[in-house]
file my_file-v3.txt (compact mmCIF, C-alpha atoms)
# COMPACT_ATOMS: atom_id res chain seq x y z
CA MET A 24 5.14 -20.74 -135.55
CA ALA A 25 5.11 -22.00 -132.00
CA VAL A 26 2.85 -20.29 -129.49
CA ALA A 27 4.50 -19.61 -126.16
CA GLU A 28 2.62 -20.98 -123.24
CA VAL A 29 1.95 -18.54 -120.47
CA VAL A 30 1.58 -19.96 -116.98
CA LEU A 31 -0.12 -17.76 -114.44
CA GLU A 32 0.54 -18.55 -110.84
CA VAL A 33 -2.34 -17.63 -108.59
CA LEU A 34 -1.17 -16.71 -105.17
CA PRO A 35 -3.46 -17.69 -102.30
CA GLN A 36 -5.41 -14.81 -100.89
CA GLN A 37 -4.11 -13.76 -97.53
CA GLN A 38 -6.63 -13.98 -94.76
CA PRO A 39 -7.05 -10.84 -92.66
CA LEU A 40 -5.58 -10.98 -89.20
CA PRO A 41 -8.13 -11.82 -86.53
CA PRO A 42 -9.11 -8.96 -84.26
CA PRO A 43 -7.56 -8.95 -80.80
CA PRO A 44 -9.59 -10.85 -78.25
CA ARG A 45 -11.98 -8.74 -76.26
CA VAL A 46 -12.66 -9.17 -72.62
CA PRO A 47 -16.27 -10.23 -72.09
CA ALA A 48 -18.52 -7.79 -70.30
CA ALA A 49 -19.17 -10.33 -67.56
CA ALA A 50 -15.50 -10.19 -66.59
CA VAL A 51 -15.92 -6.58 -65.50
CA ARG A 52 -17.86 -7.67 -62.47
CA HIS A 53 -15.32 -10.27 -61.32
CA PHE A 54 -12.16 -9.11 -59.63
CA THR A 55 -9.82 -11.38 -57.74
CA VAL A 56 -8.51 -9.41 -54.80
CA PRO A 57 -6.10 -11.35 -52.55
CA LYS A 58 -7.53 -12.18 -49.16
CA VAL A 59 -4.49 -10.68 -47.44
CA VAL A 60 -5.28 -7.31 -48.98
CA MET A 61 -8.92 -7.61 -47.94
CA TYR A 62 -7.98 -8.50 -44.36
CA LEU A 63 -5.58 -5.54 -44.22
CA TYR A 64 -8.36 -3.36 -45.60
CA PHE A 65 -10.78 -4.49 -42.88
CA ALA A 66 -8.15 -4.11 -40.14
CA SER A 67 -7.20 -0.60 -41.24
CA ALA A 68 -10.84 0.46 -41.50
CA TRP A 69 -11.58 -0.98 -38.04
CA VAL A 70 -8.64 0.82 -36.44
CA GLY A 71 -9.61 4.05 -38.18
CA CYS A 72 -13.23 3.88 -36.99
CA ALA A 73 -12.22 2.96 -33.42
CA CYS A 74 -9.63 5.76 -33.20
CA LEU A 75 -12.10 8.27 -34.62
CA ALA A 76 -14.71 7.39 -31.99
CA ALA A 77 -12.12 7.38 -29.19
CA GLY A 78 -10.50 10.65 -30.25
CA ALA A 79 -13.41 12.72 -31.53
CA VAL A 80 -15.78 11.82 -28.69
CA VAL A 81 -14.28 10.06 -25.65
CA ALA A 82 -10.89 11.78 -25.44
CA ARG A 83 -12.33 15.16 -26.42
CA ARG A 84 -14.98 15.05 -23.71
CA ALA A 85 -12.62 13.68 -21.05
CA LEU A 86 -9.41 15.60 -21.80
CA GLY A 87 -10.49 18.47 -24.04
CA VAL A 88 -9.94 19.44 -27.63
CA ASP A 89 -6.34 20.62 -27.13
CA SER A 90 -5.20 17.40 -25.45
CA PRO A 91 -2.34 15.54 -27.17
CA VAL A 92 -4.23 12.28 -26.62
CA THR A 93 -7.17 13.59 -28.64
CA TYR A 94 -4.83 14.77 -31.37
CA ALA A 95 -3.01 11.40 -31.41
CA PHE A 96 -6.27 9.45 -31.78
CA ILE A 97 -7.49 11.65 -34.62
CA LYS A 98 -4.11 11.49 -36.36
CA ALA A 99 -4.06 7.69 -36.04
CA SER A 100 -7.59 7.54 -37.45
CA LEU A 101 -6.65 9.60 -40.51
CA GLY A 102 -3.54 7.50 -41.06
CA SER A 103 -5.52 4.26 -40.83
CA PHE A 104 -7.90 5.36 -43.57
CA VAL A 105 -5.03 5.84 -46.07
CA PHE A 106 -4.72 2.13 -46.94
CA PRO A 107 -8.49 1.59 -47.53
CA ALA A 108 -8.53 4.69 -49.74
CA LEU A 109 -5.64 3.32 -51.81
CA VAL A 110 -7.38 -0.05 -52.18
CA ILE A 111 -10.59 1.63 -53.37
CA ALA A 112 -8.62 3.76 -55.85
CA ILE A 113 -6.79 0.73 -57.29
CA ILE A 114 -10.00 -1.30 -57.64
CA THR A 115 -11.69 1.64 -59.36
CA LEU A 116 -8.82 1.96 -61.83
CA ARG A 117 -8.96 -1.78 -62.55
CA LEU A 118 -12.69 -1.54 -63.10
CA LEU A 119 -12.29 1.33 -65.57
CA ARG A 120 -9.53 -0.55 -67.37
CA ALA A 121 -11.69 -3.67 -67.68
CA MET A 122 -14.61 -1.59 -68.94
CA CYS A 123 -12.36 0.01 -71.56
CA ALA A 124 -11.21 -3.44 -72.70
CA ALA A 125 -14.75 -4.80 -72.85
CA GLY A 126 -16.27 -1.63 -74.27
CA PHE A 127 -18.24 0.89 -72.28
CA LYS A 128 -21.48 0.38 -74.19
CA PRO A 129 -21.92 -3.37 -73.51
CA SER A 130 -20.93 -2.90 -69.86
CA LEU A 131 -23.27 0.03 -69.33
CA ARG A 132 -26.05 -1.74 -71.23
CA THR A 133 -25.68 -4.83 -69.04
CA SER A 134 -25.68 -2.74 -65.88
CA ALA A 135 -28.74 -0.77 -67.00
CA ARG A 136 -30.60 -4.00 -67.80
CA GLU A 137 -29.80 -5.40 -64.35
CA ILE A 138 -30.93 -2.20 -62.66
CA GLN A 139 -34.20 -2.27 -64.62
CA ILE A 140 -34.89 -5.87 -63.60
CA GLN A 141 -34.13 -5.13 -59.95
CA TRP A 142 -36.34 -2.05 -60.03
CA LYS A 143 -39.29 -4.10 -61.31
CA MET A 144 -38.80 -6.58 -58.49
CA PHE A 145 -38.57 -3.85 -55.87
CA GLY A 146 -42.31 -3.34 -55.47
CA GLY A 147 -43.05 -6.97 -54.57
CA LEU A 148 -40.01 -7.46 -52.35
CA THR A 149 -40.10 -4.21 -50.36
CA TRP A 150 -41.41 -5.67 -47.12
CA LYS A 151 -39.22 -8.75 -47.38
CA VAL A 152 -36.15 -6.61 -47.99
CA LEU A 153 -36.91 -4.28 -45.10
CA ARG A 154 -36.98 -7.27 -42.75
CA HIS A 155 -33.44 -8.26 -43.71
CA PRO A 156 -30.89 -7.54 -40.93
CA ALA A 157 -28.49 -5.82 -43.32
CA VAL A 158 -31.20 -3.37 -44.38
CA LEU A 159 -32.09 -2.65 -40.76
CA VAL A 160 -28.43 -1.90 -40.06
CA GLY A 161 -28.38 0.39 -43.08
CA LEU A 162 -31.45 2.24 -41.84
CA ALA A 163 -29.90 2.69 -38.40
CA TYR A 164 -26.73 3.95 -40.06
CA PHE A 165 -28.77 6.44 -42.09
CA LEU A 166 -30.58 7.73 -39.00
CA LEU A 167 -27.26 8.25 -37.22
CA PHE A 168 -26.02 10.22 -40.22
CA LEU A 169 -29.12 12.38 -39.88
CA LEU A 170 -28.10 13.03 -36.28
CA LEU A 171 -24.67 14.10 -37.50
CA GLY A 172 -26.25 16.48 -39.98
CA ALA A 173 -28.63 17.90 -37.40
CA GLY A 174 -25.78 18.47 -34.96
CA ALA A 175 -23.71 20.25 -37.59
CA LEU A 176 -26.64 22.46 -38.60
CA MET A 177 -27.28 23.31 -34.97
CA LEU A 178 -23.66 24.29 -34.34
CA TRP A 179 -23.74 26.49 -37.43
CA GLY A 180 -26.84 28.24 -36.13
CA LEU A 181 -29.12 27.06 -38.92
CA LEU A 182 -31.72 25.52 -36.59
CA PRO A 183 -34.06 27.54 -34.34
CA VAL A 184 -32.45 26.77 -30.97
CA GLU A 185 -31.55 29.13 -28.17
CA LYS A 186 -27.97 30.31 -28.40
CA SER A 187 -27.17 29.21 -24.85
CA GLN A 188 -28.20 25.62 -25.60
CA ARG A 189 -26.99 25.46 -29.20
CA GLU A 190 -23.46 24.23 -28.54
CA LYS A 191 -24.46 21.70 -25.88
CA ILE A 192 -27.22 20.11 -27.96
CA GLY A 193 -25.20 20.27 -31.18
CA TYR A 194 -22.19 18.45 -29.72
CA ALA A 195 -24.49 15.91 -28.07
CA LEU A 196 -26.06 15.07 -31.44
CA LEU A 197 -22.65 14.95 -33.14
CA ASP A 198 -21.16 12.68 -30.48
CA THR A 199 -24.16 10.34 -30.62
CA GLY A 200 -23.93 10.13 -34.39
CA VAL A 201 -20.18 9.53 -34.40
CA LEU A 202 -20.28 6.89 -31.66
CA GLY A 203 -23.25 5.14 -33.27
CA THR A 204 -21.85 5.02 -36.80
CA MET A 205 -18.39 3.95 -35.67
CA ALA A 206 -19.86 1.28 -33.37
CA ILE A 207 -21.91 -0.16 -36.24
CA CYS A 208 -18.81 -0.20 -38.43
CA CYS A 209 -16.58 -1.81 -35.80
CA PHE A 210 -18.98 -4.42 -34.42
CA VAL A 211 -21.41 -5.16 -37.27
CA ILE A 212 -20.36 -4.16 -40.78
CA ILE A 213 -16.60 -4.85 -40.78
CA PRO A 214 -16.78 -8.17 -38.84
CA ASN A 215 -19.64 -9.33 -41.08
CA TYR A 216 -17.69 -8.70 -44.28
CA ALA A 217 -14.53 -10.21 -42.81
CA LEU A 218 -16.46 -13.34 -41.83
CA LYS A 219 -17.87 -13.64 -45.35
CA VAL A 220 -14.38 -13.35 -46.84
CA TRP A 221 -13.06 -15.96 -44.40
CA ARG A 222 -15.86 -18.40 -45.31
CA SER A 223 -15.45 -17.87 -49.05
CA LYS A 224 -13.20 -20.18 -51.04
call {"tool": "encode", "arguments": {"input": "my_file-v3.txt", "output": "structure tokens"}}
result
Amino acid sequence: MAVAEVVLEVLPQQQPLPPPPRVPAAAVRHFTVPKVVMYLYFASAWVGCACLAAGAVVARRALGVDSPVTYAFIKASLGSFVFPALVIAIITLRLLRAMCAAGFKPSLRTSAREIQIQWKMFGGLTWKVLRHPAVLVGLAYFLLFLLLGAGALMLWGLLPVEKSQREKIGYALLDTGVLGTMAICCFVIIPNYALKVWRSK
């Protein structure tokens, strides 16, 4: 009696599909923004700061609060800040999207590690950092913001000042703070960043 031969065909085991490529965490910190957009951002911010200083201080003191020139300057300032706000919103959304692709935990862990390293170096570099021109500009900017806050508190009657002098001193502090902060933005911060972008490749 013949025995039938049984041939078993072994199919090759299918390899699992590779996982989709993940964006490295380092890519979260690198965004390529076109230089044209950055120049438009700087120009819009400069016009907004200049119009705010001219309208809120110069035109208001020279022509009054109800002057159409004052209103036009303030309206132009608010309109000029629309484009920078849109750019910041788009960059923030791109950053969140990149962090979602790379995973929040690795990105946050990398950022926390960098902050910890910089904090350890802070003690030894404090004096050197304070001598940097950018830090001095930041300190001046902070002091001018304190003037703005003091002027607002004085106008609201939260500081112990005579009522007859409250409005005069309050507006003087506000005007000084606005002119100072806008001047630093127009003649120091914005030109400095624009020059760095122009020199970059």
call {"tool": "closest_residue", "arguments": {"input": "my_file-v3.txt", "among": "A:Gly203, A:Gly174, A:Pro214, A:Gly193", "to": "Leu75 in chain A", "atoms": "all atoms listed in the file"}}
result
A:Gly203
call {"tool": "residues_around", "arguments": {"input": "my_file-v3.txt", "residues": "Ile207 in chain A", "least_positions_apart": "3", "cutoff": "12 Å", "atoms": "all atoms listed in the file", "output": "PyMOL selection string"}}
result
chain A and resi 69+72-73+76+157+159-165+167-168+200-204+210-215
call {"tool": "residues_around", "arguments": {"input": "my_file-v3.txt", "residues": "range 85-99 of chain A", "least_positions_apart": "4", "cutoff": "7 Å", "atoms": "only C-alpha atoms", "output": "ChimeraX atom specification"}}
result
/A:71,74-75,77-79,81,103
call {"tool": "closest_residue", "arguments": {"input": "my_file-v3.txt", "among": "A:Ala68, A:Val60, A:Leu178, A:Leu170", "to": "Ile114 in chain A", "atoms": "only C-alpha atoms"}}
result
A:Val60
call {"tool": "atom_distance", "arguments": {"input": "my_file-v3.txt", "atom1": "CA of Leu63 in chain A", "atom2": "CA of Val80 in chain A"}}
result
25.4 Å
call {"tool": "atom_distance", "arguments": {"input": "my_file-v3.txt", "atom1": "CA of Ser67 in chain A", "atom2": "CA of Phe104 in chain A"}}
result
6.4 Å
call {"tool": "closest_residue", "arguments": {"input": "my_file-v3.txt", "among": "A:Leu176, A:Ala121, A:Ala66, A:Leu182", "to": "Cys208 in chain A", "atoms": "all atoms listed in the file"}}
result
A:Ala66
call {"tool": "atom_distance", "arguments": {"input": "my_file-v3.txt", "atom1": "CA of Tyr64 in chain A", "atom2": "CA of Pro107 in chain A"}}
result
5.3 Å
call {"tool": "closest_residue", "arguments": {"input": "my_file-v3.txt", "among": "A:Leu109, A:Val59, A:Ala195, A:Leu116", "to": "Val220 in chain A", "atoms": "all atoms listed in the file"}}
result
A:Val59
call {"tool": "closest_residue", "arguments": {"input": "my_file-v3.txt", "among": "A:Ala217, A:Leu197, A:Met205, A:Leu181", "to": "Phe65 in chain A", "atoms": "only C-alpha atoms"}}
result
A:Ala217
call {"tool": "residues_around", "arguments": {"input": "my_file-v3.txt", "residues": "Trp179 in chain A", "least_positions_apart": "4", "cutoff": "12 Å", "atoms": "all atoms listed in the file", "output": "NGL selection string"}}
result
:A and (172-175 or 183-184 or 186 or 189-190 or 192-194)
